[in-house]
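Below: one structure, written as structure tokens.
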Amino acid sequence: MTKTRSEKVEQKARMGRPRDGSIRRKVIDAAIECYEELGWSGFNFEAVSVRAKVGRPALYRRWSNREELLIDAFRELTPALPAAPDHGNVREDLTEVAMEYRRVMLGARGRAGVRLFIEQEATADVFHAVAAEISAYRNSLIVETLKRGQSRGEVRSDADLQVATELLIGALMLDALYAPGPYQVRGIVAKTVDMLLRGLGNNPVDRDTTEATGDPV
């Protein structure tokens with residue numbers, strides 16, 4: 001029986017050396033590290049292949065261009081954010097969501113995200129893909145948390161939740177820029193949340209709740 005062309009290709013692929021799954025992860029890690037350190041002007045297949053110790057042909061077999069590679073790197077190295085928590089009060093819920101985001105900002109992945117934000121005009125395709133797939137979901141968790149606070153009367157009904165979300169993300173991003181290394185962040189995250197809720201809430205946040213807990217990341 002005569003084999004079709006696709007069947008011959010499939011058989012040849014099975015007979016060849018299997019792809020090393022570790023190569024992809026090496027390249028993905030190297031891509032984020034290279035972009036975080038070099039920016040868009042220095043980010044290319046050559047730099048990534050040297051960092052990953054993988055030949056350039058292996059990259060070209062998997063990605064058509066550097067945009068595709070960087071988008072995949074952000075997708076695969078962004079920790080999965082859990083659903084918005086519901087502990088019965090907006091402060092605890094929002095602090096937990098903020099802490100999850102702040103954890104993402106630790107390390108090369110987080111710093112690469114800040115650089116992508118800064119370079120968004122030069123990296124338009126990558127920035128819009130990441131914003132649509134990752135940032136939009138993160139922001140939706142914050143908005144969902146604040147809406148639940150509205151339903152409980154903890155957040156004013158006329159509060160602009162989109163602006164509040166941008167304020168919180170901006171504060172956390174700025175904190176990551178000035179203190180990019182691992183350190184105890186729960187205290188400053190809690191204070192940031194409390195300051196935001198003072199502007200959104202019907203009742204002032206108790207001063208005692210703004211004290212740093214000292215809990216480690």
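Starting from 1 in every chain, residues are counted up; chains themselves are A, B, ... following the order of the structure tokens, and ligands are numbered from 1 as listed.
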Contacts between range 31-36 of chain A and range 100-177 of chain A, please, where a residue of range 100-177 of chain A counts if it comes within 12 Å (with only C-alpha atoms); show its shortest atom pair and distance in Å to one decimal, rows by chain and ascending number, as CSV.
residue,atom,partner,partner_atom,distance
A:Gly107,CA,A:Glu33,CA,9.4
A:Ala108,CA,A:Glu33,CA,5.9
A:Arg109,CA,A:Ile32,CA,6.2
A:Gly110,CA,A:Glu36,CA,8.7
A:Arg111,CA,A:Glu36,CA,6.0
A:Ala112,CA,A:Glu36,CA,4.3
A:Gly113,CA,A:Glu36,CA,8.0
A:Val114,CA,A:Glu36,CA,8.6
A:Arg115,CA,A:Glu36,CA,6.6
A:Leu116,CA,A:Glu36,CA,8.5
A:Phe117,CA,A:Glu36,CA,11.5
A:Ile118,CA,A:Glu36,CA,11.5
A:Glu119,CA,A:Tyr35,CA,10.9
A:Thr123,CA,A:Tyr35,CA,11.2
A:Val126,CA,A:Tyr35,CA,11.9
### Message
With only C-alpha atoms as the counted atoms, please give the residues lying no more than 12 Å from Ala171 in chain A, apart from itself and same-chain residues fewer than 3 positions off, as a ChimeraX atom specification.
### Response
/A:98,101-102,164-168,174-178,188-193,195-196
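Candidate residues A:Ala52, A:Ala84, A:Val104, A:Ile28 were compared for distance to Arg148 in chain A, and the nearest is A:Ala84, using only C-alpha atoms.
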### Query
Which residue gives the smallest distance to Thr145 in chain A among A:Pro79, A:Gly55, A:Gly88, A:Gly170, with only C-alpha atoms counted?
A:Gly88
### Task
Show which residues sit within 12 Å of range 132-134 of chain A, as a PyMOL selection string. Count only C-alpha atoms, and ignore same-chain residues fewer than 6 positions away.
chain A and resi 71-72+74-81+101+104+113+124-126+140-141
Quick one: write out the picked residues with N, CA, C and O atoms as a PDB file, in the first residue's frame?
ATOM      1  N   ILE A  71       6.857  36.186  23.538  1.00  0.00           N
ATOM      2  CA  ILE A  71       5.473  35.992  23.991  1.00  0.00           C
ATOM      3  C   ILE A  71       5.336  34.650  24.695  1.00  0.00           C
ATOM      4  O   ILE A  71       4.732  34.554  25.781  1.00  0.00           O
ATOM      5  N   ASP A  72       5.898  33.595  24.111  1.00  0.00           N
ATOM      6  CA  ASP A  72       5.849  32.274  24.749  1.00  0.00           C
ATOM      7  C   ASP A  72       6.561  32.284  26.091  1.00  0.00           C
ATOM      8  O   ASP A  72       6.127  31.638  27.051  1.00  0.00           O
ATOM      9  N   PHE A  74       6.883  34.791  28.205  1.00  0.00           N
ATOM     10  CA  PHE A  74       6.019  35.426  29.202  1.00  0.00           C
ATOM     11  C   PHE A  74       4.865  34.505  29.584  1.00  0.00           C
ATOM     12  O   PHE A  74       4.504  34.414  30.764  1.00  0.00           O
ATOM     13  N   ARG A  75       4.286  33.823  28.611  1.00  0.00           N
ATOM     14  CA  ARG A  75       3.184  32.916  28.902  1.00  0.00           C
ATOM     15  C   ARG A  75       3.615  31.813  29.872  1.00  0.00           C
ATOM     16  O   ARG A  75       2.922  31.495  30.833  1.00  0.00           O
ATOM     17  N   GLU A  76       4.745  31.196  29.561  1.00  0.00           N
ATOM     18  CA  GLU A  76       5.156  30.003  30.307  1.00  0.00           C
ATOM     19  C   GLU A  76       5.803  30.317  31.644  1.00  0.00           C
ATOM     20  O   GLU A  76       5.815  29.465  32.542  1.00  0.00           O
ATOM     21  N   LEU A  77       6.352  31.511  31.803  1.00  0.00           N
ATOM     22  CA  LEU A  77       7.038  31.836  33.054  1.00  0.00           C
ATOM     23  C   LEU A  77       6.212  32.720  33.976  1.00  0.00           C
ATOM     24  O   LEU A  77       6.697  33.148  35.016  1.00  0.00           O
ATOM     25  N   THR A  78       4.972  32.989  33.601  1.00  0.00           N
ATOM     26  CA  THR A  78       4.082  33.723  34.500  1.00  0.00           C
ATOM     27  C   THR A  78       3.350  32.721  35.387  1.00  0.00           C
ATOM     28  O   THR A  78       2.599  31.897  34.870  1.00  0.00           O
ATOM     29  N   PRO A  79       3.566  32.765  36.701  1.00  0.00           N
ATOM     30  CA  PRO A  79       2.868  31.823  37.583  1.00  0.00           C
ATOM     31  C   PRO A  79       1.362  31.971  37.430  1.00  0.00           C
ATOM     32  O   PRO A  79       0.847  33.072  37.217  1.00  0.00           O
ATOM     33  N   ALA A  80       0.674  30.859  37.531  1.00  0.00           N
ATOM     34  CA  ALA A  80      -0.783  30.889  37.416  1.00  0.00           C
ATOM     35  C   ALA A  80      -1.388  31.607  38.617  1.00  0.00           C
ATOM     36  O   ALA A  80      -1.176  31.202  39.762  1.00  0.00           O
ATOM     37  N   LEU A  81      -2.085  32.696  38.362  1.00  0.00           N
ATOM     38  CA  LEU A  81      -2.724  33.426  39.442  1.00  0.00           C
ATOM     39  C   LEU A  81      -4.022  32.722  39.817  1.00  0.00           C
ATOM     40  O   LEU A  81      -4.818  32.373  38.948  1.00  0.00           O
ATOM     41  N   TYR A 101       0.427  39.101  42.910  1.00  0.00           N
ATOM     42  CA  TYR A 101       1.037  39.889  41.837  1.00  0.00           C
ATOM     43  C   TYR A 101       2.460  40.290  42.214  1.00  0.00           C
ATOM     44  O   TYR A 101       3.374  40.221  41.386  1.00  0.00           O
ATOM     45  N   VAL A 104       4.958  37.642  41.589  1.00  0.00           N
ATOM     46  CA  VAL A 104       5.321  37.523  40.182  1.00  0.00           C
ATOM     47  C   VAL A 104       6.445  38.506  39.833  1.00  0.00           C
ATOM     48  O   VAL A 104       7.298  38.216  38.996  1.00  0.00           O
ATOM     49  N   GLY A 113       8.859  42.044  32.794  1.00  0.00           N
ATOM     50  CA  GLY A 113       7.539  42.640  32.617  1.00  0.00           C
ATOM     51  C   GLY A 113       7.577  44.154  32.735  1.00  0.00           C
ATOM     52  O   GLY A 113       6.903  44.861  31.978  1.00  0.00           O
ATOM     53  N   ALA A 124       5.420  46.526  20.405  1.00  0.00           N
ATOM     54  CA  ALA A 124       3.956  46.614  20.370  1.00  0.00           C
ATOM     55  C   ALA A 124       3.268  45.255  20.293  1.00  0.00           C
ATOM     56  O   ALA A 124       2.336  44.983  21.061  1.00  0.00           O
ATOM     57  N   ASP A 125       3.711  44.375  19.399  1.00  0.00           N
ATOM     58  CA  ASP A 125       3.052  43.076  19.245  1.00  0.00           C
ATOM     59  C   ASP A 125       3.160  42.240  20.510  1.00  0.00           C
ATOM     60  O   ASP A 125       2.182  41.616  20.952  1.00  0.00           O
ATOM     61  N   VAL A 126       4.347  42.215  21.086  1.00  0.00           N
ATOM     62  CA  VAL A 126       4.557  41.437  22.306  1.00  0.00           C
ATOM     63  C   VAL A 126       3.776  42.048  23.463  1.00  0.00           C
ATOM     64  O   VAL A 126       3.081  41.343  24.205  1.00  0.00           O
ATOM     65  N   SER A 140      -8.572  41.834  36.144  1.00  0.00           N
ATOM     66  CA  SER A 140      -9.942  41.395  36.391  1.00  0.00           C
ATOM     67  C   SER A 140     -10.103  40.843  37.809  1.00  0.00           C
ATOM     68  O   SER A 140     -11.174  40.967  38.417  1.00  0.00           O
ATOM     69  N   LEU A 141      -9.048  40.242  38.356  1.00  0.00           N
ATOM     70  CA  LEU A 141      -9.105  39.734  39.728  1.00  0.00           C
ATOM     71  C   LEU A 141      -9.260  40.877  40.725  1.00  0.00           C
ATOM     72  O   LEU A 141     -10.006  40.774  41.705  1.00  0.00           O
TER      73      LEU A 141
END
### Task
Find the spatial neighbours of Gln150 in chain A, counting only C-alpha atoms, within a cut-off of 10 Å - ignore same-chain residues fewer than 4 positions away - and output them as a ChimeraX atom specification.
/A:90,144-146,154-159,161,200-202
Keeping only all heavy atoms, take the residues you just selected and write them out as a tab-separated table (two decimals), in the first residue's frame.
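Listing of again00.tsv after writing:
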chain	number	residue	atom	x	y	z
A	90	VAL	N	-12.96	42.98	52.10
A	90	VAL	CA	-12.22	43.43	50.93
A	90	VAL	C	-10.74	43.62	51.21
A	90	VAL	O	-9.90	43.39	50.34
A	90	VAL	CB	-12.85	44.72	50.36
A	90	VAL	CG1	-12.63	45.90	51.29
A	90	VAL	CG2	-12.31	45.01	48.96
A	144	GLU	N	-12.82	42.32	40.32
A	144	GLU	CA	-13.78	41.40	40.92
A	144	GLU	C	-13.78	41.51	42.44
A	144	GLU	O	-14.84	41.52	43.10
A	144	GLU	CB	-13.45	39.96	40.51
A	144	GLU	CG	-14.39	38.92	41.09
A	144	GLU	CD	-13.97	37.50	40.72
A	144	GLU	OE1	-13.15	37.32	39.80
A	144	GLU	OE2	-14.48	36.57	41.37
A	145	THR	N	-12.59	41.63	43.01
A	145	THR	CA	-12.47	41.76	44.46
A	145	THR	C	-13.11	43.05	44.95
A	145	THR	O	-13.83	43.06	45.96
A	145	THR	CB	-10.98	41.73	44.86
A	145	THR	OG1	-10.41	40.49	44.45
A	145	THR	CG2	-10.81	41.90	46.36
A	146	LEU	N	-12.88	44.14	44.23
A	146	LEU	CA	-13.46	45.42	44.63
A	146	LEU	C	-14.98	45.43	44.44
A	146	LEU	O	-15.71	46.03	45.25
A	146	LEU	CB	-12.82	46.56	43.82
A	146	LEU	CG	-11.34	46.83	44.14
A	146	LEU	CD1	-10.77	47.84	43.16
A	146	LEU	CD2	-11.18	47.32	45.57
A	154	GLU	N	-18.41	47.82	51.61
A	154	GLU	CA	-17.07	48.22	52.05
A	154	GLU	C	-16.42	49.21	51.09
A	154	GLU	O	-15.49	49.93	51.47
A	154	GLU	CB	-16.17	46.98	52.16
A	154	GLU	CG	-16.65	45.93	53.15
A	154	GLU	CD	-15.88	44.64	52.98
A	154	GLU	OE1	-15.99	44.00	51.92
A	154	GLU	OE2	-15.16	44.27	53.93
A	155	VAL	N	-16.87	49.21	49.85
A	155	VAL	CA	-16.34	50.10	48.82
A	155	VAL	C	-17.50	50.94	48.29
A	155	VAL	O	-18.60	50.41	48.06
A	155	VAL	CB	-15.70	49.30	47.67
A	155	VAL	CG1	-15.27	50.23	46.53
A	155	VAL	CG2	-14.52	48.49	48.17
A	156	ARG	N	-17.28	52.24	48.12
A	156	ARG	CA	-18.35	53.12	47.65
A	156	ARG	C	-18.90	52.66	46.31
A	156	ARG	O	-18.16	52.21	45.43
A	156	ARG	CB	-17.83	54.56	47.50
A	156	ARG	CG	-17.39	55.22	48.78
A	156	ARG	CD	-17.32	56.75	48.59
A	156	ARG	NE	-16.79	57.12	47.28
A	156	ARG	CZ	-15.49	57.28	47.02
A	156	ARG	NH1	-14.59	57.06	47.97
A	156	ARG	NH2	-15.09	57.66	45.80
A	157	SER	N	-20.18	52.81	46.14
A	157	SER	CA	-20.82	52.36	44.90
A	157	SER	C	-20.40	53.19	43.70
A	157	SER	O	-20.48	52.73	42.56
A	157	SER	CB	-22.35	52.41	45.06
A	157	SER	OG	-22.77	53.74	45.35
A	158	ASP	N	-19.94	54.44	43.95
A	158	ASP	CA	-19.55	55.31	42.84
A	158	ASP	C	-18.04	55.27	42.58
A	158	ASP	O	-17.52	56.03	41.78
A	158	ASP	CB	-19.99	56.75	43.11
A	158	ASP	CG	-19.30	57.34	44.34
A	158	ASP	OD1	-18.76	56.56	45.16
A	158	ASP	OD2	-19.29	58.58	44.48
A	159	ALA	N	-17.33	54.38	43.25
A	159	ALA	CA	-15.88	54.30	43.10
A	159	ALA	C	-15.51	53.83	41.69
A	159	ALA	O	-16.15	52.93	41.14
A	159	ALA	CB	-15.29	53.37	44.13
A	161	LEU	N	-13.49	51.65	39.72
A	161	LEU	CA	-12.69	50.46	40.02
A	161	LEU	C	-11.54	50.28	39.05
A	161	LEU	O	-10.51	49.70	39.41
A	161	LEU	CB	-13.60	49.23	40.00
A	161	LEU	CG	-14.80	49.27	40.95
A	161	LEU	CD1	-15.50	47.91	40.99
A	161	LEU	CD2	-14.39	49.70	42.34
A	200	LEU	N	-11.50	54.59	48.74
A	200	LEU	CA	-12.63	53.89	48.14
A	200	LEU	C	-13.74	53.56	49.12
A	200	LEU	O	-14.88	53.37	48.73
A	200	LEU	CB	-12.15	52.57	47.50
A	200	LEU	CG	-11.15	52.66	46.36
A	200	LEU	CD1	-10.74	51.25	45.94
A	200	LEU	CD2	-11.74	53.41	45.18
A	201	GLY	N	-13.38	53.44	50.39
A	201	GLY	CA	-14.33	52.89	51.35
A	201	GLY	C	-15.30	53.89	51.94
A	201	GLY	O	-15.12	55.11	51.87
A	202	ASN	N	-16.33	53.33	52.53
A	202	ASN	CA	-17.32	54.15	53.25
A	202	ASN	C	-16.84	54.48	54.65
A	202	ASN	O	-17.28	55.46	55.24
A	202	ASN	CB	-18.66	53.39	53.33
A	202	ASN	CG	-19.32	53.28	51.97
A	202	ASN	OD1	-19.35	54.24	51.22
A	202	ASN	ND2	-19.84	52.10	51.66
### Residue nearest Glu68 in chain A - candidates A:Val97, A:Ser22, A:Val130, A:Gly153, atoms counted: only C-alpha atoms
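Counting only C-alpha atoms, the residue closest to Glu68 in chain A is A:Val130.
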### Task
Going by DSSP on the backbone, which bits of range 107-207 of chain A are alpha helix (DSSP H)? Write them as a PyMOL selection string, please.
chain A and resi 108-118+124-130+136-151+161-178+186-200
